[in-house]
Amino acid sequence: MSKAERQVGREAEAAMPRVLCHTDALTAAASSDVAVLWKLAESGRQLDANLVRLTPGRHVAPHAEPNLDVLVLVVAGDGVLGAGPRDEPQSLTTGALLWLPHGSTRSITAGDDGLAYLTVHRRRPGLQIGQAP
């Protein structure tokens, strides 16, 4: 088999639908304060995705993502979504699906049971080295 034929085979395999992980098993085994338990790492992907676990009381500090909308699915536990300074915090429980529009300020704090959530957004472009003008 030629190098080109092997490459075509790898690309065809990468395009096949498949189960990537089981979130309940990953979240049950997590032990650190804040951890990325899983990352989408498939070559040729158009999305980035992460499974994040926060232990009770831990948080992701307020921040804004200027360029990307982010979809968040709570897969275990509970917590609070903090938004901008004028917005009321929102309770998070298993099954909550959130949309975080680009430019919005947000924070996430785990409740008494900890919090695990899946984030999905368009893939960030890689760093490119340009020439000075």
# chains A, B, ... in the order shown; residues from 1 in each chain; ligands from 1
call {"tool": "residues_around", "arguments": {"residues": "range 47-49 of chain A", "least_positions_apart": "4", "cutoff": "9 Å", "atoms": "only C-alpha atoms", "output": "ChimeraX atom specification"}}
result
/A:38-41,118-124
call {"tool": "write_last_selection", "arguments": {"atoms": "N, CA, C and O atoms", "output": "tab-separated table (two decimals), in the first residue's frame"}}
result
chain	number	residue	atom	x	y	z
A	38	TRP	N	-11.14	15.22	29.82
A	38	TRP	CA	-11.13	14.73	28.45
A	38	TRP	C	-11.07	15.92	27.51
A	38	TRP	O	-11.60	16.99	27.82
A	39	LYS	N	-10.41	15.75	26.36
A	39	LYS	CA	-10.30	16.76	25.32
A	39	LYS	C	-10.54	16.12	23.97
A	39	LYS	O	-10.03	15.03	23.71
A	40	LEU	N	-11.27	16.79	23.11
A	40	LEU	CA	-11.42	16.34	21.74
A	40	LEU	C	-10.09	16.60	21.04
A	40	LEU	O	-9.62	17.74	21.00
A	41	ALA	N	-9.46	15.55	20.54
A	41	ALA	CA	-8.12	15.69	19.96
A	41	ALA	C	-8.04	15.07	18.57
A	41	ALA	O	-6.95	14.84	18.07
A	118	LEU	N	-19.31	19.80	30.04
A	118	LEU	CA	-18.71	19.65	28.72
A	118	LEU	C	-18.82	20.99	28.01
A	118	LEU	O	-19.90	21.58	27.97
A	119	THR	N	-17.72	21.49	27.48
A	119	THR	CA	-17.74	22.71	26.67
A	119	THR	C	-17.50	22.35	25.22
A	119	THR	O	-16.70	21.46	24.91
A	120	VAL	N	-18.19	23.04	24.32
A	120	VAL	CA	-18.02	22.82	22.88
A	120	VAL	C	-18.03	24.18	22.19
A	120	VAL	O	-18.89	25.01	22.47
A	121	HIS	N	-17.05	24.39	21.34
A	121	HIS	CA	-16.99	25.64	20.56
A	121	HIS	C	-16.20	25.40	19.29
A	121	HIS	O	-15.51	24.38	19.14
A	122	ARG	N	-16.31	26.35	18.39
A	122	ARG	CA	-15.54	26.28	17.15
A	122	ARG	C	-14.06	26.21	17.52
A	122	ARG	O	-13.61	26.81	18.50
A	123	ARG	N	-13.32	25.47	16.74
A	123	ARG	CA	-11.90	25.31	17.01
A	123	ARG	C	-11.18	26.64	16.87
A	123	ARG	O	-11.40	27.40	15.93
A	124	ARG	N	-10.32	26.90	17.83
A	124	ARG	CA	-9.52	28.12	17.79
A	124	ARG	C	-8.45	27.95	16.72
A	124	ARG	O	-7.83	26.90	16.62
call {"tool": "residues_around", "arguments": {"residues": "Thr55 in chain A", "least_positions_apart": "2", "cutoff": "12 Å", "atoms": "only C-alpha atoms", "output": "mmCIF file with N, CA, C and O atoms, in the first residue's frame"}}
result
data_model
loop_
_atom_site.group_PDB
_atom_site.id
_atom_site.type_symbol
_atom_site.label_atom_id
_atom_site.label_comp_id
_atom_site.auth_asym_id
_atom_site.auth_seq_id
_atom_site.Cartn_x
_atom_site.Cartn_y
_atom_site.Cartn_z
ATOM 1 N N THR A 27 -16.092 11.400 35.208
ATOM 2 C CA THR A 27 -16.354 12.301 36.334
ATOM 3 C C THR A 27 -16.314 11.556 37.660
ATOM 4 O O THR A 27 -15.880 12.103 38.669
ATOM 5 N N ALA A 28 -16.719 10.303 37.693
ATOM 6 C CA ALA A 28 -16.697 9.521 38.936
ATOM 7 C C ALA A 28 -15.268 9.262 39.396
ATOM 8 O O ALA A 28 -15.004 9.172 40.592
ATOM 9 N N ALA A 30 -12.635 11.277 38.864
ATOM 10 C CA ALA A 30 -11.849 12.500 39.041
ATOM 11 C C ALA A 30 -11.569 12.761 40.515
ATOM 12 O O ALA A 30 -12.415 12.560 41.361
ATOM 13 N N SER A 31 -10.354 13.235 40.797
ATOM 14 C CA SER A 31 -9.999 13.491 42.195
ATOM 15 C C SER A 31 -9.348 14.850 42.443
ATOM 16 O O SER A 31 -9.252 15.269 43.572
ATOM 17 N N SER A 32 -8.889 15.551 41.421
ATOM 18 C CA SER A 32 -8.201 16.817 41.662
ATOM 19 C C SER A 32 -9.188 17.983 41.715
ATOM 20 O O SER A 32 -10.346 17.855 41.349
ATOM 21 N N ASP A 33 -8.712 19.142 42.185
ATOM 22 C CA ASP A 33 -9.559 20.323 42.350
ATOM 23 C C ASP A 33 -10.215 20.776 41.052
ATOM 24 O O ASP A 33 -11.407 20.951 40.968
ATOM 25 N N VAL A 34 -9.415 21.045 40.065
ATOM 26 C CA VAL A 34 -9.895 21.466 38.754
ATOM 27 C C VAL A 34 -9.144 20.623 37.741
ATOM 28 O O VAL A 34 -7.927 20.583 37.747
ATOM 29 N N ALA A 35 -9.889 19.938 36.905
ATOM 30 C CA ALA A 35 -9.219 19.055 35.962
ATOM 31 C C ALA A 35 -9.953 19.022 34.631
ATOM 32 O O ALA A 35 -11.179 19.031 34.601
ATOM 33 N N VAL A 36 -9.189 18.997 33.564
ATOM 34 C CA VAL A 36 -9.756 18.686 32.258
ATOM 35 C C VAL A 36 -9.663 17.172 32.145
ATOM 36 O O VAL A 36 -8.575 16.608 32.067
ATOM 37 N N VAL A 52 -14.705 19.168 31.861
ATOM 38 C CA VAL A 52 -14.043 19.827 32.981
ATOM 39 C C VAL A 52 -14.728 19.412 34.281
ATOM 40 O O VAL A 52 -15.946 19.338 34.354
ATOM 41 N N ARG A 53 -13.933 19.172 35.312
ATOM 42 C CA ARG A 53 -14.450 18.822 36.635
ATOM 43 C C ARG A 53 -13.921 19.820 37.651
ATOM 44 O O ARG A 53 -12.721 20.073 37.719
ATOM 45 N N GLY A 57 -16.885 23.984 45.675
ATOM 46 C CA GLY A 57 -16.397 25.311 46.011
ATOM 47 C C GLY A 57 -15.388 25.911 45.052
ATOM 48 O O GLY A 57 -15.115 27.108 45.099
ATOM 49 N N ARG A 58 -14.794 25.115 44.177
ATOM 50 C CA ARG A 58 -13.811 25.642 43.215
ATOM 51 C C ARG A 58 -14.549 26.421 42.132
ATOM 52 O O ARG A 58 -15.732 26.232 41.903
ATOM 53 N N HIS A 59 -13.819 27.301 41.434
ATOM 54 C CA HIS A 59 -14.481 28.122 40.428
ATOM 55 C C HIS A 59 -13.563 28.465 39.258
ATOM 56 O O HIS A 59 -12.341 28.375 39.371
ATOM 57 N N VAL A 60 -14.199 28.863 38.187
ATOM 58 C CA VAL A 60 -13.517 29.460 37.045
ATOM 59 C C VAL A 60 -13.803 30.949 37.167
ATOM 60 O O VAL A 60 -14.966 31.366 37.191
ATOM 61 N N ALA A 76 -22.720 16.491 35.519
ATOM 62 C CA ALA A 76 -22.789 15.964 36.886
ATOM 63 C C ALA A 76 -22.663 17.109 37.877
ATOM 64 O O ALA A 76 -21.965 18.095 37.626
ATOM 65 N N GLY A 77 -23.325 16.972 39.006
ATOM 66 C CA GLY A 77 -23.180 17.921 40.094
ATOM 67 C C GLY A 77 -24.059 19.137 39.968
ATOM 68 O O GLY A 77 -25.069 19.143 39.271
ATOM 69 N N ASP A 78 -23.635 20.189 40.670
ATOM 70 C CA ASP A 78 -24.394 21.428 40.694
ATOM 71 C C ASP A 78 -23.443 22.596 40.863
ATOM 72 O O ASP A 78 -22.279 22.423 41.169
ATOM 73 N N GLY A 79 -23.972 23.798 40.637
ATOM 74 C CA GLY A 79 -23.145 24.981 40.786
ATOM 75 C C GLY A 79 -23.899 26.222 40.394
ATOM 76 O O GLY A 79 -25.130 26.238 40.339
ATOM 77 N N ILE A 108 -17.986 30.300 36.574
ATOM 78 C CA ILE A 108 -18.669 29.075 36.992
ATOM 79 C C ILE A 108 -18.101 28.669 38.343
ATOM 80 O O ILE A 108 -16.880 28.616 38.522
ATOM 81 N N THR A 109 -18.999 28.392 39.288
ATOM 82 C CA THR A 109 -18.610 27.963 40.628
ATOM 83 C C THR A 109 -19.295 26.642 40.938
ATOM 84 O O THR A 109 -20.512 26.512 40.740
ATOM 85 N N ALA A 110 -18.530 25.671 41.413
ATOM 86 C CA ALA A 110 -19.089 24.364 41.770
ATOM 87 C C ALA A 110 -19.833 24.453 43.098
ATOM 88 O O ALA A 110 -19.416 25.171 44.006
ATOM 89 N N GLY A 111 -20.910 23.696 43.206
ATOM 90 C CA GLY A 111 -21.670 23.615 44.444
ATOM 91 C C GLY A 111 -21.125 22.537 45.361
ATOM 92 O O GLY A 111 -19.999 22.052 45.187
ATOM 93 N N ASP A 112 -21.938 22.140 46.334
ATOM 94 C CA ASP A 112 -21.538 21.162 47.350
ATOM 95 C C ASP A 112 -21.178 19.792 46.779
ATOM 96 O O ASP A 112 -20.426 19.047 47.393
ATOM 97 N N ASP A 113 -21.730 19.449 45.622
ATOM 98 C CA ASP A 113 -21.460 18.147 45.009
ATOM 99 C C ASP A 113 -20.367 18.207 43.951
ATOM 100 O O ASP A 113 -20.100 17.227 43.275
ATOM 101 N N GLY A 114 -19.758 19.370 43.772
ATOM 102 C CA GLY A 114 -18.815 19.527 42.678
ATOM 103 C C GLY A 114 -19.598 19.734 41.387
ATOM 104 O O GLY A 114 -20.833 19.732 41.382
ATOM 105 N N LEU A 115 -18.896 19.916 40.299
ATOM 106 C CA LEU A 115 -19.541 20.203 39.022
ATOM 107 C C LEU A 115 -18.678 19.656 37.893
ATOM 108 O O LEU A 115 -17.461 19.855 37.895
ATOM 109 N N ALA A 116 -19.308 18.974 36.962
ATOM 110 C CA ALA A 116 -18.615 18.527 35.756
ATOM 111 C C ALA A 116 -19.422 19.007 34.558
ATOM 112 O O ALA A 116 -20.652 18.896 34.553
ATOM 113 N N TYR A 117 -18.726 19.554 33.567
ATOM 114 C CA TYR A 117 -19.432 20.082 32.405
ATOM 115 C C TYR A 117 -18.598 19.890 31.139
ATOM 116 O O TYR A 117 -17.369 19.837 31.173
#
call {"tool": "closest_residue", "arguments": {"among": "A:Gln46, A:Thr23, A:Thr105, A:Ser2", "to": "Gly82 in chain A", "atoms": "only C-alpha atoms"}}
result
A:Thr105
